[in-house]
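**Q** You'll find protein02.tsv just under this line, and it carries TSV, C-alpha atoms.
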```tsv
chain	number	residue	atom	x	y	z
A	1	MET	CA	242.70	239.87	180.12
A	2	TYR	CA	240.33	240.86	182.91
A	3	MET	CA	242.14	241.99	186.03
A	4	SER	CA	240.11	241.22	189.11
A	5	LYS	CA	239.67	243.55	192.03
A	6	PRO	CA	240.62	242.21	195.47
A	7	GLY	CA	237.00	241.71	196.57
A	8	ASP	CA	235.63	240.21	193.34
A	9	TYR	CA	235.85	236.70	194.74
A	10	LEU	CA	233.45	237.75	197.51
A	11	LEU	CA	230.83	238.92	195.03
A	12	ASN	CA	231.35	235.78	192.95
A	13	ALA	CA	230.96	233.64	196.08
A	14	LEU	CA	227.72	235.45	196.93
A	15	ARG	CA	226.46	234.90	193.38
A	16	GLN	CA	227.23	231.17	193.52
A	17	TYR	CA	225.66	230.89	196.99
A	18	ALA	CA	222.46	232.59	195.78
A	19	ILE	CA	222.30	230.31	192.73
A	20	GLY	CA	222.65	227.27	194.99
A	21	LYS	CA	219.91	228.48	197.32
A	22	ILE	CA	217.59	229.16	194.37
A	23	GLU	CA	218.15	225.65	193.06
A	24	MET	CA	217.50	224.19	196.52
A	25	HIS	CA	214.17	226.02	196.86
A	26	ARG	CA	213.20	225.14	193.27
A	27	ALA	CA	213.86	221.48	194.06
A	28	ASN	CA	211.68	221.72	197.18
A	29	ILE	CA	208.86	223.36	195.23
A	30	GLU	CA	209.06	220.73	192.50
A	31	THR	CA	208.99	217.98	195.12
A	32	TYR	CA	205.85	219.44	196.69
A	33	ARG	CA	204.26	219.87	193.25
A	34	ASN	CA	205.06	216.37	192.02
A	35	ASN	CA	204.40	214.46	195.23
A	36	PRO	CA	202.26	216.50	197.64
A	37	THR	CA	200.99	213.44	199.51
A	38	GLY	CA	204.51	212.26	200.29
A	39	ILE	CA	205.29	215.23	202.51
A	40	GLY	CA	203.60	214.26	205.76
A	41	GLU	CA	204.91	216.95	208.10
A	42	HIS	CA	203.59	219.78	205.87
A	43	SER	CA	199.84	219.77	206.24
A	44	ASP	CA	199.41	223.26	204.74
A	45	LEU	CA	201.07	222.87	201.37
A	46	VAL	CA	200.09	226.32	200.11
A	47	GLN	CA	201.73	227.98	203.11
A	48	THR	CA	204.79	225.76	202.70
A	49	LEU	CA	205.03	226.64	199.00
A	50	GLU	CA	204.67	230.32	199.87
A	51	LYS	CA	207.61	230.09	202.28
A	52	GLU	CA	209.72	228.37	199.62
A	53	MET	CA	208.78	231.05	197.06
A	54	ILE	CA	209.65	233.85	199.49
A	55	GLU	CA	213.09	232.34	200.01
A	56	LEU	CA	213.58	231.74	196.29
A	57	THR	CA	212.69	235.34	195.44
A	58	LYS	CA	215.02	236.64	198.16
A	59	TYR	CA	217.99	235.01	196.45
A	60	ASP	CA	216.72	236.00	193.02
A	61	ASP	CA	216.68	239.60	194.23
A	62	ILE	CA	220.29	239.23	195.35
A	63	LEU	CA	221.27	238.00	191.89
A	64	ASN	CA	219.42	240.90	190.28
A	65	ALA	CA	221.11	243.41	192.59
A	66	LEU	CA	224.53	241.94	191.83
A	67	GLU	CA	223.84	242.30	188.11
A	68	LYS	CA	222.43	245.80	188.44
A	69	TYR	CA	225.03	247.30	190.75
A	70	PHE	CA	228.14	245.16	190.30
A	71	SER	CA	227.94	243.64	186.80
A	72	ASP	CA	231.28	245.14	185.74
A	73	ASP	CA	232.91	243.90	188.93
A	74	THR	CA	231.60	240.35	188.92
A	75	LYS	CA	232.80	238.81	185.66
A	76	LYS	CA	233.43	235.13	186.03
A	77	LEU	CA	236.99	234.38	186.98
A	78	THR	CA	238.76	231.51	185.30
A	79	LEU	CA	241.62	229.43	186.61
A	80	ASN	CA	243.92	231.01	184.02
A	81	GLU	CA	243.56	234.48	185.49
```
Show me this structure written as structure tokens.
**A**
Amino acid sequence: MYMSKPGDYLLNALRQYAIGKIEMHRANIETYRNNPTGIGEHSDLVQTLEKEMIELTKYDDILNALEKYFSDDTKKLTLNE
């Protein structure tokens, strides 16, 4: 059985937060890609997509750093533990 460290839930929370933010920015990008004329307040779609990609990559970097530096500390916790 994996024994968690006291702060593991914080790293797990950060991981889940980053995943959620990535999915949010992916959804925005897909919306712009699939329906660019339906987004009236964004006249510069390339700049808008760039901003979404910058945010997406920021959270992807967080996930990569968690894996690289804390992979042993961030195993998924189950309700049975």
**Q** Name the residues in contact with range 17-25 of chain A at a cut-off of 12 Å, using all atoms listed in the file, excluding same-chain residues fewer than 3 positions from it; report them as a compact mmCIF listing (two decimals) with C-alpha atoms, in the frame of the given file.
**A**
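Below is the file that was written, out-v5.txt:
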```
# COMPACT_ATOMS: atom_id res chain seq x y z
CA TYR A 9 235.85 236.70 194.74
CA LEU A 10 233.45 237.75 197.51
CA LEU A 11 230.83 238.92 195.03
CA ASN A 12 231.35 235.78 192.95
CA ALA A 13 230.96 233.64 196.08
CA LEU A 14 227.72 235.45 196.93
CA ASN A 28 211.68 221.72 197.18
CA ILE A 29 208.86 223.36 195.23
CA GLU A 30 209.06 220.73 192.50
CA THR A 31 208.99 217.98 195.12
CA TYR A 32 205.85 219.44 196.69
CA THR A 48 204.79 225.76 202.70
CA LEU A 49 205.03 226.64 199.00
CA GLU A 50 204.67 230.32 199.87
CA LYS A 51 207.61 230.09 202.28
CA GLU A 52 209.72 228.37 199.62
CA MET A 53 208.78 231.05 197.06
CA ILE A 54 209.65 233.85 199.49
CA GLU A 55 213.09 232.34 200.01
CA LEU A 56 213.58 231.74 196.29
CA THR A 57 212.69 235.34 195.44
CA LYS A 58 215.02 236.64 198.16
CA TYR A 59 217.99 235.01 196.45
CA ASP A 60 216.72 236.00 193.02
CA ASP A 61 216.68 239.60 194.23
CA ILE A 62 220.29 239.23 195.35
CA LEU A 63 221.27 238.00 191.89
CA ASN A 64 219.42 240.90 190.28
CA ALA A 65 221.11 243.41 192.59
CA LEU A 66 224.53 241.94 191.83
```
**Q** Hey, can you check how far CA of Phe70 in chain A sits from CA of Asp8 in chain A?
**A**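 Spanning CA of Phe70 in chain A to CA of Asp8 in chain A is a straight-line distance of 9.5 Å.
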**Q** In Å, how far is it from CA of Leu45 in chain A to CA of Ala27 in chain A?
**A**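 That distance, rounded to one decimal, is 14.8 Å.
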**Q** One decimal, in Å: what's the spacing between CA of Asp72 in chain A and CA of Arg26 in chain A?
**A**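 About the pair CA of Asp72 in chain A and CA of Arg26 in chain A: they are 28.0 Å apart.
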